[in-house]
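Novice: I'm passing along coords.cif; it holds mmCIF, N, CA and C atoms.
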data_entry
loop_
_atom_site.label_atom_id
_atom_site.label_comp_id
_atom_site.auth_asym_id
_atom_site.auth_seq_id
_atom_site.Cartn_x
_atom_site.Cartn_y
_atom_site.Cartn_z
N MET A 2 0.85 -1.17 0.00
CA MET A 2 0.00 0.00 0.00
C MET A 2 0.89 1.23 0.00
N SER A 3 0.61 2.18 -0.90
CA SER A 3 1.47 3.35 -1.06
C SER A 3 0.65 4.62 -0.86
N ASP A 4 1.30 5.65 -0.29
CA ASP A 4 0.64 6.93 -0.09
C ASP A 4 0.88 7.89 -1.23
N GLU A 5 1.59 7.48 -2.27
CA GLU A 5 1.86 8.39 -3.35
C GLU A 5 0.86 8.20 -4.48
N GLN A 6 0.48 9.31 -5.10
CA GLN A 6 -0.48 9.29 -6.17
C GLN A 6 0.09 10.08 -7.34
N PRO A 7 0.54 9.41 -8.44
CA PRO A 7 1.09 10.16 -9.56
C PRO A 7 0.01 11.01 -10.22
N LEU A 8 0.33 12.24 -10.49
CA LEU A 8 -0.60 13.15 -11.16
C LEU A 8 0.07 13.74 -12.39
N THR A 9 -0.73 14.11 -13.37
CA THR A 9 -0.16 14.78 -14.53
C THR A 9 -0.24 16.28 -14.37
N THR A 10 -0.93 16.75 -13.33
CA THR A 10 -0.98 18.18 -13.05
C THR A 10 -0.70 18.42 -11.59
N VAL A 11 -0.17 19.59 -11.30
CA VAL A 11 0.05 20.01 -9.92
C VAL A 11 -0.63 21.35 -9.77
N PRO A 12 -1.60 21.48 -8.84
CA PRO A 12 -2.31 22.75 -8.70
C PRO A 12 -1.43 23.86 -8.16
N GLN A 13 -1.66 25.07 -8.63
CA GLN A 13 -0.98 26.23 -8.08
C GLN A 13 -1.57 26.58 -6.73
N THR A 14 -2.86 26.36 -6.56
CA THR A 14 -3.52 26.49 -5.28
C THR A 14 -4.38 25.26 -5.11
N ALA A 15 -4.75 24.98 -3.90
CA ALA A 15 -5.53 23.77 -3.63
C ALA A 15 -6.86 23.78 -4.37
N GLY A 16 -7.40 24.97 -4.68
CA GLY A 16 -8.67 25.06 -5.37
C GLY A 16 -8.57 24.99 -6.88
N ASP A 17 -7.36 24.98 -7.43
CA ASP A 17 -7.19 25.03 -8.88
C ASP A 17 -6.85 23.70 -9.52
N VAL A 18 -7.18 22.59 -8.89
CA VAL A 18 -6.78 21.28 -9.39
C VAL A 18 -7.28 21.08 -10.82
N ALA A 19 -8.53 21.42 -11.09
CA ALA A 19 -9.10 21.17 -12.41
C ALA A 19 -8.66 22.18 -13.46
N ASN A 20 -8.12 23.32 -13.07
CA ASN A 20 -7.80 24.38 -14.01
C ASN A 20 -6.35 24.42 -14.46
N GLU A 21 -5.50 23.58 -13.91
CA GLU A 21 -4.06 23.62 -14.19
C GLU A 21 -3.76 22.88 -15.50
N ALA A 22 -2.91 23.46 -16.33
CA ALA A 22 -2.49 22.80 -17.57
C ALA A 22 -1.48 21.71 -17.23
N PRO A 23 -1.48 20.58 -17.98
CA PRO A 23 -0.55 19.50 -17.69
C PRO A 23 0.90 19.92 -17.86
N ARG A 24 1.77 19.39 -17.00
CA ARG A 24 3.21 19.62 -17.12
C ARG A 24 3.81 18.48 -17.92
N SER A 25 5.05 18.64 -18.34
CA SER A 25 5.68 17.65 -19.19
C SER A 25 5.95 16.33 -18.48
N GLU A 26 6.21 16.35 -17.18
CA GLU A 26 6.45 15.12 -16.45
C GLU A 26 5.50 15.04 -15.26
N PRO A 27 5.04 13.81 -14.93
CA PRO A 27 4.10 13.68 -13.82
C PRO A 27 4.73 14.09 -12.50
N GLN A 28 3.92 14.65 -11.62
CA GLN A 28 4.35 15.00 -10.28
C GLN A 28 3.79 13.96 -9.32
N VAL A 29 4.43 13.80 -8.17
CA VAL A 29 3.97 12.87 -7.16
C VAL A 29 3.33 13.68 -6.03
N VAL A 30 2.15 13.25 -5.60
CA VAL A 30 1.46 13.90 -4.49
C VAL A 30 1.24 12.87 -3.41
N PHE A 31 1.71 13.19 -2.20
CA PHE A 31 1.59 12.29 -1.06
C PHE A 31 0.45 12.75 -0.17
N THR A 32 -0.13 11.79 0.56
CA THR A 32 -1.08 12.09 1.62
C THR A 32 -0.28 12.13 2.91
N PRO A 33 -0.13 13.31 3.52
CA PRO A 33 0.73 13.40 4.71
C PRO A 33 0.10 12.70 5.91
N PRO A 34 0.94 12.09 6.77
CA PRO A 34 0.40 11.50 7.99
C PRO A 34 -0.08 12.60 8.94
N ILE A 35 -1.20 12.33 9.60
CA ILE A 35 -1.86 13.33 10.44
C ILE A 35 -2.15 12.74 11.82
N ASP A 36 -1.95 13.54 12.86
CA ASP A 36 -2.41 13.21 14.21
C ASP A 36 -3.41 14.28 14.61
N ILE A 37 -4.50 13.89 15.25
CA ILE A 37 -5.51 14.85 15.71
C ILE A 37 -5.75 14.60 17.19
N PHE A 38 -5.66 15.67 17.98
CA PHE A 38 -5.86 15.60 19.42
C PHE A 38 -7.02 16.50 19.80
N GLU A 39 -7.75 16.10 20.84
CA GLU A 39 -8.83 16.93 21.36
C GLU A 39 -8.37 17.56 22.67
N THR A 40 -8.60 18.87 22.79
CA THR A 40 -8.30 19.59 24.02
C THR A 40 -9.59 20.24 24.50
N GLU A 41 -9.52 20.93 25.64
CA GLU A 41 -10.70 21.63 26.15
C GLU A 41 -11.13 22.74 25.19
N GLU A 42 -10.16 23.35 24.50
CA GLU A 42 -10.44 24.47 23.60
C GLU A 42 -10.93 24.03 22.23
N GLY A 43 -10.62 22.80 21.80
CA GLY A 43 -11.00 22.34 20.47
C GLY A 43 -10.12 21.19 20.03
N LEU A 44 -9.72 21.22 18.75
CA LEU A 44 -8.89 20.17 18.18
C LEU A 44 -7.53 20.72 17.78
N VAL A 45 -6.53 19.86 17.82
CA VAL A 45 -5.18 20.19 17.35
C VAL A 45 -4.82 19.15 16.30
N LEU A 46 -4.47 19.62 15.11
CA LEU A 46 -4.09 18.75 14.01
C LEU A 46 -2.60 18.91 13.76
N LEU A 47 -1.86 17.81 13.72
CA LEU A 47 -0.43 17.82 13.41
C LEU A 47 -0.21 17.06 12.11
N ALA A 48 0.50 17.67 11.17
CA ALA A 48 0.78 17.03 9.88
C ALA A 48 2.28 17.09 9.61
N ASP A 49 2.84 15.96 9.18
CA ASP A 49 4.25 15.90 8.80
C ASP A 49 4.39 16.30 7.34
N LEU A 50 5.09 17.42 7.10
CA LEU A 50 5.26 17.96 5.74
C LEU A 50 6.74 18.25 5.49
N PRO A 51 7.60 17.23 5.42
CA PRO A 51 9.03 17.50 5.22
C PRO A 51 9.28 18.21 3.89
N GLY A 52 10.13 19.24 3.95
CA GLY A 52 10.48 19.98 2.74
C GLY A 52 9.55 21.13 2.41
N VAL A 53 8.46 21.28 3.16
CA VAL A 53 7.50 22.35 2.91
C VAL A 53 7.85 23.54 3.79
N SER A 54 7.79 24.75 3.23
CA SER A 54 8.01 25.97 4.00
C SER A 54 6.69 26.74 4.07
N SER A 55 6.64 27.77 4.89
CA SER A 55 5.42 28.56 4.99
C SER A 55 5.10 29.25 3.66
N GLU A 56 6.13 29.50 2.84
CA GLU A 56 5.91 30.12 1.53
C GLU A 56 5.32 29.15 0.51
N THR A 57 5.54 27.85 0.70
CA THR A 57 5.05 26.86 -0.27
C THR A 57 3.87 26.06 0.28
N LEU A 58 3.27 26.55 1.37
CA LEU A 58 2.13 25.88 1.99
C LEU A 58 0.89 26.72 1.83
N GLU A 59 -0.18 26.08 1.39
CA GLU A 59 -1.48 26.75 1.33
C GLU A 59 -2.44 25.99 2.23
N LEU A 60 -3.06 26.73 3.13
CA LEU A 60 -4.03 26.17 4.06
C LEU A 60 -5.28 27.01 3.92
N GLN A 61 -6.41 26.38 3.58
CA GLN A 61 -7.62 27.16 3.38
C GLN A 61 -8.84 26.43 3.90
N VAL A 62 -9.86 27.21 4.26
CA VAL A 62 -11.16 26.68 4.67
C VAL A 62 -12.18 27.23 3.71
N GLN A 63 -12.96 26.31 3.14
CA GLN A 63 -14.02 26.72 2.22
C GLN A 63 -15.13 25.68 2.30
N ASP A 64 -16.36 26.15 2.46
CA ASP A 64 -17.52 25.26 2.52
C ASP A 64 -17.34 24.16 3.55
N ASN A 65 -16.86 24.52 4.73
CA ASN A 65 -16.68 23.60 5.86
C ASN A 65 -15.63 22.51 5.59
N LYS A 66 -14.73 22.78 4.64
CA LYS A 66 -13.67 21.83 4.32
C LYS A 66 -12.31 22.52 4.48
N LEU A 67 -11.43 21.89 5.26
CA LEU A 67 -10.06 22.37 5.47
C LEU A 67 -9.16 21.62 4.50
N THR A 68 -8.40 22.36 3.69
CA THR A 68 -7.50 21.75 2.71
C THR A 68 -6.10 22.27 2.93
N LEU A 69 -5.14 21.35 2.94
CA LEU A 69 -3.74 21.75 2.99
C LEU A 69 -3.04 21.23 1.75
N PHE A 70 -2.23 22.10 1.15
CA PHE A 70 -1.45 21.75 -0.04
C PHE A 70 -0.05 22.32 0.13
N GLY A 71 0.93 21.45 0.17
CA GLY A 71 2.31 21.87 0.33
C GLY A 71 3.15 21.45 -0.86
N ARG A 72 3.89 22.39 -1.41
CA ARG A 72 4.76 22.12 -2.56
C ARG A 72 6.18 21.83 -2.08
N VAL A 73 6.80 20.82 -2.68
CA VAL A 73 8.18 20.49 -2.38
C VAL A 73 8.92 20.37 -3.70
N GLU A 74 10.00 21.10 -3.82
CA GLU A 74 10.82 21.02 -5.02
C GLU A 74 12.09 20.23 -4.70
N PRO A 75 12.47 19.31 -5.58
CA PRO A 75 13.69 18.53 -5.33
C PRO A 75 14.91 19.44 -5.29
N GLU A 76 15.84 19.12 -4.39
CA GLU A 76 17.06 19.91 -4.26
C GLU A 76 18.20 19.17 -4.95
N ILE A 77 18.51 19.58 -6.16
CA ILE A 77 19.64 19.03 -6.90
C ILE A 77 20.63 20.17 -7.10
N PRO A 78 21.87 19.97 -6.69
CA PRO A 78 22.86 21.04 -6.84
C PRO A 78 22.99 21.48 -8.31
N GLU A 79 23.25 22.76 -8.48
CA GLU A 79 23.38 23.32 -9.82
C GLU A 79 24.50 22.62 -10.58
N GLY A 80 24.22 22.24 -11.81
CA GLY A 80 25.21 21.56 -12.64
C GLY A 80 25.30 20.06 -12.39
N ALA A 81 24.53 19.56 -11.41
CA ALA A 81 24.59 18.13 -11.10
C ALA A 81 23.45 17.40 -11.81
N ARG A 82 23.63 16.09 -11.95
CA ARG A 82 22.62 15.23 -12.57
C ARG A 82 22.32 14.09 -11.61
N LEU A 83 21.03 13.84 -11.35
CA LEU A 83 20.63 12.79 -10.43
C LEU A 83 20.90 11.42 -11.05
N LEU A 84 21.66 10.59 -10.37
CA LEU A 84 21.99 9.24 -10.85
C LEU A 84 21.18 8.17 -10.13
N HIS A 85 20.90 8.38 -8.84
CA HIS A 85 20.18 7.38 -8.06
C HIS A 85 19.36 8.10 -7.00
N GLN A 86 18.12 7.64 -6.81
CA GLN A 86 17.25 8.29 -5.82
C GLN A 86 16.43 7.24 -5.08
N GLU A 87 16.53 7.23 -3.76
CA GLU A 87 15.74 6.31 -2.94
C GLU A 87 14.63 7.03 -2.21
N TYR A 88 14.81 8.33 -1.98
CA TYR A 88 13.81 9.12 -1.27
C TYR A 88 13.01 9.88 -2.31
N ARG A 89 11.71 9.57 -2.42
CA ARG A 89 10.84 10.24 -3.39
C ARG A 89 10.44 11.61 -2.88
N VAL A 90 10.51 12.58 -3.73
CA VAL A 90 10.11 13.94 -3.40
C VAL A 90 8.79 14.22 -4.11
N GLY A 91 7.87 14.82 -3.38
CA GLY A 91 6.58 15.15 -3.98
C GLY A 91 5.86 16.18 -3.15
N HIS A 92 4.71 16.58 -3.63
CA HIS A 92 3.88 17.55 -2.95
C HIS A 92 2.97 16.82 -1.95
N PHE A 93 2.31 17.59 -1.09
CA PHE A 93 1.41 17.03 -0.09
C PHE A 93 0.03 17.64 -0.26
N LEU A 94 -1.01 16.80 -0.19
CA LEU A 94 -2.39 17.28 -0.31
C LEU A 94 -3.26 16.46 0.62
N ARG A 95 -4.07 17.17 1.42
CA ARG A 95 -5.00 16.49 2.34
C ARG A 95 -6.15 17.42 2.63
N SER A 96 -7.36 16.86 2.72
CA SER A 96 -8.56 17.64 3.03
C SER A 96 -9.35 16.97 4.14
N PHE A 97 -10.06 17.81 4.92
CA PHE A 97 -10.88 17.33 6.02
C PHE A 97 -12.20 18.08 6.02
N ILE A 98 -13.27 17.38 6.31
CA ILE A 98 -14.56 18.02 6.53
C ILE A 98 -14.59 18.42 8.00
N LEU A 99 -14.88 19.68 8.26
CA LEU A 99 -14.88 20.19 9.63
C LEU A 99 -16.26 20.06 10.28
N SER A 100 -16.25 19.84 11.56
CA SER A 100 -17.47 19.79 12.35
C SER A 100 -18.07 21.19 12.41
N ASP A 101 -19.38 21.24 12.61
CA ASP A 101 -20.04 22.55 12.78
C ASP A 101 -19.61 23.23 14.06
N GLU A 102 -18.92 22.51 14.95
CA GLU A 102 -18.48 23.07 16.22
C GLU A 102 -17.17 23.85 16.09
N VAL A 103 -16.52 23.80 14.92
CA VAL A 103 -15.24 24.50 14.74
C VAL A 103 -15.50 25.96 14.37
N ASP A 104 -14.81 26.87 15.05
CA ASP A 104 -14.90 28.30 14.77
C ASP A 104 -13.95 28.63 13.62
N HIS A 105 -14.46 28.69 12.41
CA HIS A 105 -13.62 28.90 11.22
C HIS A 105 -12.82 30.19 11.28
N GLU A 106 -13.36 31.22 11.90
CA GLU A 106 -12.69 32.51 11.96
C GLU A 106 -11.49 32.51 12.90
N GLN A 107 -11.40 31.55 13.81
CA GLN A 107 -10.33 31.52 14.80
C GLN A 107 -9.28 30.44 14.54
N ILE A 108 -9.36 29.75 13.40
CA ILE A 108 -8.37 28.71 13.08
C ILE A 108 -7.01 29.38 12.90
N SER A 109 -5.97 28.77 13.48
CA SER A 109 -4.61 29.30 13.34
C SER A 109 -3.67 28.13 13.05
N ALA A 110 -2.50 28.46 12.49
CA ALA A 110 -1.55 27.40 12.14
C ALA A 110 -0.12 27.90 12.25
N THR A 111 0.78 26.98 12.60
CA THR A 111 2.21 27.26 12.61
C THR A 111 2.92 26.08 11.94
N LEU A 112 4.05 26.39 11.31
CA LEU A 112 4.87 25.37 10.67
C LEU A 112 6.26 25.46 11.27
N ASN A 113 6.72 24.35 11.88
CA ASN A 113 8.01 24.35 12.55
C ASN A 113 8.77 23.08 12.14
N GLN A 114 9.86 23.25 11.40
CA GLN A 114 10.72 22.16 10.97
C GLN A 114 9.94 21.03 10.32
N GLY A 115 9.04 21.38 9.41
CA GLY A 115 8.30 20.39 8.64
C GLY A 115 7.07 19.82 9.32
N VAL A 116 6.73 20.32 10.50
CA VAL A 116 5.53 19.85 11.20
C VAL A 116 4.52 21.00 11.26
N LEU A 117 3.37 20.79 10.65
CA LEU A 117 2.30 21.79 10.66
C LEU A 117 1.39 21.52 11.85
N GLU A 118 1.14 22.57 12.64
CA GLU A 118 0.20 22.47 13.75
C GLU A 118 -0.97 23.41 13.47
N VAL A 119 -2.17 22.85 13.37
CA VAL A 119 -3.37 23.64 13.10
C VAL A 119 -4.26 23.56 14.33
N LEU A 120 -4.61 24.74 14.87
CA LEU A 120 -5.51 24.81 16.02
C LEU A 120 -6.92 25.09 15.51
N LEU A 121 -7.84 24.20 15.86
CA LEU A 121 -9.23 24.30 15.42
C LEU A 121 -10.12 24.51 16.66
N PRO A 122 -10.28 25.78 17.07
CA PRO A 122 -11.04 26.05 18.31
C PRO A 122 -12.53 25.80 18.14
N ARG A 123 -13.16 25.44 19.25
CA ARG A 123 -14.61 25.24 19.25
C ARG A 123 -15.31 26.60 19.19
N LEU A 124 -16.47 26.61 18.57
CA LEU A 124 -17.32 27.80 18.59
C LEU A 124 -17.80 28.04 20.00
N LYS A 125 -17.80 29.28 20.40
CA LYS A 125 -18.34 29.63 21.71
C LYS A 125 -19.86 29.63 21.60
N ARG A 126 -20.48 28.81 22.38
CA ARG A 126 -21.95 28.74 22.39
C ARG A 126 -22.48 29.78 23.35
N SER A 127 -23.57 30.42 22.97
CA SER A 127 -24.16 31.40 23.87
C SER A 127 -24.81 30.67 25.04
N GLU A 128 -24.69 31.28 26.20
CA GLU A 128 -25.25 30.71 27.43
C GLU A 128 -26.77 30.89 27.40
N PRO A 129 -27.49 29.93 27.95
CA PRO A 129 -28.94 30.11 28.02
C PRO A 129 -29.27 31.32 28.88
N ARG A 130 -30.28 32.07 28.49
CA ARG A 130 -30.67 33.23 29.28
C ARG A 130 -32.19 33.35 29.26
N ARG A 131 -32.67 33.98 30.26
CA ARG A 131 -34.11 34.22 30.37
C ARG A 131 -34.43 35.49 29.59
N ILE A 132 -35.47 35.43 28.79
CA ILE A 132 -35.90 36.58 28.00
C ILE A 132 -37.13 37.19 28.65
N PRO A 133 -37.01 38.43 29.07
CA PRO A 133 -38.19 39.06 29.70
C PRO A 133 -39.27 39.36 28.68
N VAL A 134 -40.46 39.13 29.07
CA VAL A 134 -41.62 39.37 28.20
C VAL A 134 -42.40 40.53 28.78
N SER A 135 -42.67 41.52 27.96
CA SER A 135 -43.45 42.67 28.44
C SER A 135 -44.80 42.69 27.75
N SER A 136 -45.72 43.34 28.36
CA SER A 136 -47.05 43.49 27.77
C SER A 136 -47.35 44.97 27.63
N PRO A 137 -48.06 45.35 26.59
CA PRO A 137 -48.36 46.78 26.40
C PRO A 137 -49.28 47.29 27.51
N GLY A 138 -49.09 48.52 27.88
CA GLY A 138 -50.00 49.19 28.78
C GLY A 138 -49.63 49.21 30.15
#
Using structure tokens, write down the structure that the file contains.
Specialist:
Amino acid sequence: MSDEQPLTTVPQTAGDVANEAPRSEPQVVFTPPIDIFETEEGLVLLADLPGVSSETLELQVQDNKLTLFGRVEPEIPEGARLLHQEYRVGHFLRSFILSDEVDHEQISATLNQGVLEVLLPRLKRSEPRRIPVSSPG
């Protein structure tokens, strides 16, 4: 069982998958491993994205779906030619459907040494309150 999925296109943004013109050689897209923890404040998502920087990472929420797309470019020294490769380099793509309890406006993320941490806070629910009823007169 493999986590790599050869593609003939690589999206410029996570939402542009269908609009990208094909490149001359197929790109590899991996499904990154994810850990999800529950805290009192909400959920914490950790994703391993080796080779991805904050400049090459797109994280977006749209229609209750969280999508992460990280680009990784192979590092070959200038003037060198690759003769043998055991470590596959590719991009990362993963999507999640979010619960209605997640506060989309308060989602935050940090990327530290290839590990993405996404904080998904719970929506603050209004406390029950008594509503006074008045009568005219």
Novice: Work out how far apart atom C of Gln28 of chain A and atom CA of Gln63 of chain A are and give it in Å to one decimal.
Specialist: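 Between atom C of Gln28 of chain A and atom CA of Gln63 of chain A the gap is 24.8 Å.
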Novice: Atom CA of Glu102 of chain A and atom CA of Glu56 of chain A are how many Å apart?
Specialist: 29.3 Å
Novice: Evaluate the PyMOL selection byres ((chain A and resi 70-84) around 6) on the structure here and hand back the selected residues as a PyMOL selection string.
Specialist: chain A and resi 15+52-53+57-60+68-69+85-86+91-95
Novice: Under the rule that all atoms listed in the file are counted, which of A:Pro34, A:Phe97, A:Val90, A:Pro137 is the nearest residue to Leu50 of chain A?
Specialist: A:Pro34
Novice: Could you please give me, as a ChimeraX atom specification, the residues of protein, DNA or RNA lying at most 12 Å from (-3.0, 26.1, 11.0) in the coordinate frame of the file, considering only C-alpha atoms?
Specialist: /A:44-48,55,58-62,67-70,105-113,116-122
Novice: Give me a file of those residues, with N, CA and C atoms, as a JSON list (two decimals), in the frame of the given file.
Specialist:
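As written to disk, again-v8.json reads:
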[["chain", "number", "residue", "atom", "x", "y", "z"],
["A", 44, "LEU", "N", -9.72, 21.22, 18.75],
["A", 44, "LEU", "CA", -8.89, 20.17, 18.18],
["A", 44, "LEU", "C", -7.53, 20.72, 17.78],
["A", 45, "VAL", "N", -6.53, 19.86, 17.82],
["A", 45, "VAL", "CA", -5.18, 20.19, 17.35],
["A", 45, "VAL", "C", -4.82, 19.15, 16.30],
["A", 46, "LEU", "N", -4.47, 19.62, 15.11],
["A", 46, "LEU", "CA", -4.09, 18.75, 14.01],
["A", 46, "LEU", "C", -2.60, 18.91, 13.76],
["A", 47, "LEU", "N", -1.86, 17.81, 13.72],
["A", 47, "LEU", "CA", -0.43, 17.82, 13.41],
["A", 47, "LEU", "C", -0.21, 17.06, 12.11],
["A", 48, "ALA", "N", 0.50, 17.67, 11.17],
["A", 48, "ALA", "CA", 0.78, 17.03, 9.88],
["A", 48, "ALA", "C", 2.28, 17.09, 9.61],
["A", 55, "SER", "N", 6.64, 27.77, 4.89],
["A", 55, "SER", "CA", 5.42, 28.56, 4.99],
["A", 55, "SER", "C", 5.10, 29.25, 3.66],
["A", 58, "LEU", "N", 3.27, 26.55, 1.37],
["A", 58, "LEU", "CA", 2.13, 25.88, 1.99],
["A", 58, "LEU", "C", 0.89, 26.72, 1.83],
["A", 59, "GLU", "N", -0.18, 26.08, 1.39],
["A", 59, "GLU", "CA", -1.48, 26.75, 1.33],
["A", 59, "GLU", "C", -2.44, 25.99, 2.23],
["A", 60, "LEU", "N", -3.06, 26.73, 3.13],
["A", 60, "LEU", "CA", -4.03, 26.17, 4.06],
["A", 60, "LEU", "C", -5.28, 27.01, 3.92],
["A", 61, "GLN", "N", -6.41, 26.38, 3.58],
["A", 61, "GLN", "CA", -7.62, 27.16, 3.38],
["A", 61, "GLN", "C", -8.84, 26.43, 3.90],
["A", 62, "VAL", "N", -9.86, 27.21, 4.26],
["A", 62, "VAL", "CA", -11.16, 26.68, 4.67],
["A", 62, "VAL", "C", -12.18, 27.23, 3.71],
["A", 67, "LEU", "N", -11.43, 21.89, 5.26],
["A", 67, "LEU", "CA", -10.06, 22.37, 5.47],
["A", 67, "LEU", "C", -9.16, 21.62, 4.50],
["A", 68, "THR", "N", -8.40, 22.36, 3.69],
["A", 68, "THR", "CA", -7.50, 21.75, 2.71],
["A", 68, "THR", "C", -6.10, 22.27, 2.93],
["A", 69, "LEU", "N", -5.14, 21.35, 2.94],
["A", 69, "LEU", "CA", -3.74, 21.75, 2.99],
["A", 69, "LEU", "C", -3.04, 21.23, 1.75],
["A", 70, "PHE", "N", -2.23, 22.10, 1.15],
["A", 70, "PHE", "CA", -1.45, 21.75, -0.04],
["A", 70, "PHE", "C", -0.05, 22.32, 0.13],
["A", 105, "HIS", "N", -14.46, 28.69, 12.41],
["A", 105, "HIS", "CA", -13.62, 28.90, 11.22],
["A", 105, "HIS", "C", -12.82, 30.19, 11.28],
["A", 106, "GLU", "N", -13.36, 31.22, 11.90],
["A", 106, "GLU", "CA", -12.69, 32.51, 11.96],
["A", 106, "GLU", "C", -11.49, 32.51, 12.90],
["A", 107, "GLN", "N", -11.40, 31.55, 13.81],
["A", 107, "GLN", "CA", -10.33, 31.52, 14.80],
["A", 107, "GLN", "C", -9.28, 30.44, 14.54],
["A", 108, "ILE", "N", -9.36, 29.75, 13.40],
["A", 108, "ILE", "CA", -8.37, 28.71, 13.08],
["A", 108, "ILE", "C", -7.01, 29.38, 12.90],
["A", 109, "SER", "N", -5.97, 28.77, 13.48],
["A", 109, "SER", "CA", -4.61, 29.30, 13.34],
["A", 109, "SER", "C", -3.67, 28.13, 13.05],
["A", 110, "ALA", "N", -2.50, 28.46, 12.49],
["A", 110, "ALA", "CA", -1.55, 27.40, 12.14],
["A", 110, "ALA", "C", -0.12, 27.90, 12.25],
["A", 111, "THR", "N", 0.78, 26.98, 12.60],
["A", 111, "THR", "CA", 2.21, 27.26, 12.61],
["A", 111, "THR", "C", 2.92, 26.08, 11.94],
["A", 112, "LEU", "N", 4.05, 26.39, 11.31],
["A", 112, "LEU", "CA", 4.87, 25.37, 10.67],
["A", 112, "LEU", "C", 6.26, 25.46, 11.27],
["A", 113, "ASN", "N", 6.72, 24.35, 11.88],
["A", 113, "ASN", "CA", 8.01, 24.35, 12.55],
["A", 113, "ASN", "C", 8.77, 23.08, 12.14],
["A", 116, "VAL", "N", 6.73, 20.32, 10.50],
["A", 116, "VAL", "CA", 5.53, 19.85, 11.20],
["A", 116, "VAL", "C", 4.52, 21.00, 11.26],
["A", 117, "LEU", "N", 3.37, 20.79, 10.65],
["A", 117, "LEU", "CA", 2.30, 21.79, 10.66],
["A", 117, "LEU", "C", 1.39, 21.52, 11.85],
["A", 118, "GLU", "N", 1.14, 22.57, 12.64],
["A", 118, "GLU", "CA", 0.20, 22.47, 13.75],
["A", 118, "GLU", "C", -0.97, 23.41, 13.47],
["A", 119, "VAL", "N", -2.17, 22.85, 13.37],
["A", 119, "VAL", "CA", -3.37, 23.64, 13.10],
["A", 119, "VAL", "C", -4.26, 23.56, 14.33],
["A", 120, "LEU", "N", -4.61, 24.74, 14.87],
["A", 120, "LEU", "CA", -5.51, 24.81, 16.02],
["A", 120, "LEU", "C", -6.92, 25.09, 15.51],
["A", 121, "LEU", "N", -7.84, 24.20, 15.86],
["A", 121, "LEU", "CA", -9.23, 24.30, 15.42],
["A", 121, "LEU", "C", -10.12, 24.51, 16.66],
["A", 122, "PRO", "N", -10.28, 25.78, 17.07],
["A", 122, "PRO", "CA", -11.04, 26.05, 18.31],
["A", 122, "PRO", "C", -12.53, 25.80, 18.14]]
Novice: Using only N, CA and C atoms for the distances, tell me which of A:Glu128, A:Val30, A:Gly43, A:Pro133 is nearest to Val103 of chain A.
Specialist: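 Going through A:Glu128, A:Val30, A:Gly43, A:Pro133 one by one, the smallest distance to Val103 of chain A is for A:Gly43.
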Novice: Which one of A:Val29, A:Ile35, A:Ile98, A:Leu124 sits closest to Asp49 of chain A if you count all atoms listed in the file?
Specialist: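 Answer, going by the shortest atom-to-atom distance: A:Ile35.
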Novice: Between A:Ser100, A:Thr40, A:Thr32, A:Gln114, which has the minimum distance to Ser54 of chain A (counting only C-alpha atoms)?
Specialist: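 Closest candidate: A:Gln114.
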Novice: I'd like the interatomic distance between atom N of Pro33 of chain A and atom CA of Ser96 of chain A, to a tenth of an Å.
Specialist: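 Interatomic distance here is 9.5 Å.
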Novice: With distances taken over only C-alpha atoms, which residue among A:Gly115, A:Lys66, A:Pro51, A:Glu87 lies nearest Leu99 of chain A?
Specialist: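 For Leu99 of chain A, the nearest of the given residues is A:Lys66.
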Novice: Could you give me, as number ranges by chain, each residue of chain A that DSSP assigns to strand (DSSP E) when run on this structure's backbone?
Specialist: A: 5-8, 28-31, 35-39, 43-49, 58-63, 66-71, 92-98, 109-113, 116-122
Novice: Please return as an MDAnalysis selection string: the residues of segment 41-133 of chain A that backbone DSSP assigns to helix (DSSP H, G or I).
Specialist: chainID A and resid 55:57 105:107
Novice: Export segment 91-112 of chain A of the preceding structure, keeping C-alpha atoms, as a PDB file, in the first residue's frame.
Specialist:
ATOM      1  CA  GLY A  91       6.581  15.149  -3.982  1.00  0.00           C
ATOM      2  CA  HIS A  92       3.884  17.551  -2.947  1.00  0.00           C
ATOM      3  CA  PHE A  93       1.407  17.030  -0.093  1.00  0.00           C
ATOM      4  CA  LEU A  94      -2.387  17.282  -0.312  1.00  0.00           C
ATOM      5  CA  ARG A  95      -4.997  16.490   2.336  1.00  0.00           C
ATOM      6  CA  SER A  96      -8.564  17.644   3.035  1.00  0.00           C
ATOM      7  CA  PHE A  97     -10.881  17.334   6.023  1.00  0.00           C
ATOM      8  CA  ILE A  98     -14.561  18.023   6.532  1.00  0.00           C
ATOM      9  CA  LEU A  99     -14.878  20.195   9.634  1.00  0.00           C
ATOM     10  CA  SER A 100     -17.473  19.789  12.350  1.00  0.00           C
ATOM     11  CA  ASP A 101     -20.044  22.545  12.782  1.00  0.00           C
ATOM     12  CA  GLU A 102     -18.477  23.068  16.222  1.00  0.00           C
ATOM     13  CA  VAL A 103     -15.244  24.501  14.742  1.00  0.00           C
ATOM     14  CA  ASP A 104     -14.904  28.302  14.767  1.00  0.00           C
ATOM     15  CA  HIS A 105     -13.624  28.902  11.219  1.00  0.00           C
ATOM     16  CA  GLU A 106     -12.691  32.512  11.959  1.00  0.00           C
ATOM     17  CA  GLN A 107     -10.333  31.522  14.799  1.00  0.00           C
ATOM     18  CA  ILE A 108      -8.372  28.710  13.079  1.00  0.00           C
ATOM     19  CA  SER A 109      -4.613  29.297  13.338  1.00  0.00           C
ATOM     20  CA  ALA A 110      -1.547  27.402  12.139  1.00  0.00           C
ATOM     21  CA  THR A 111       2.213  27.257  12.608  1.00  0.00           C
ATOM     22  CA  LEU A 112       4.867  25.368  10.670  1.00  0.00           C
TER      23      LEU A 112
END
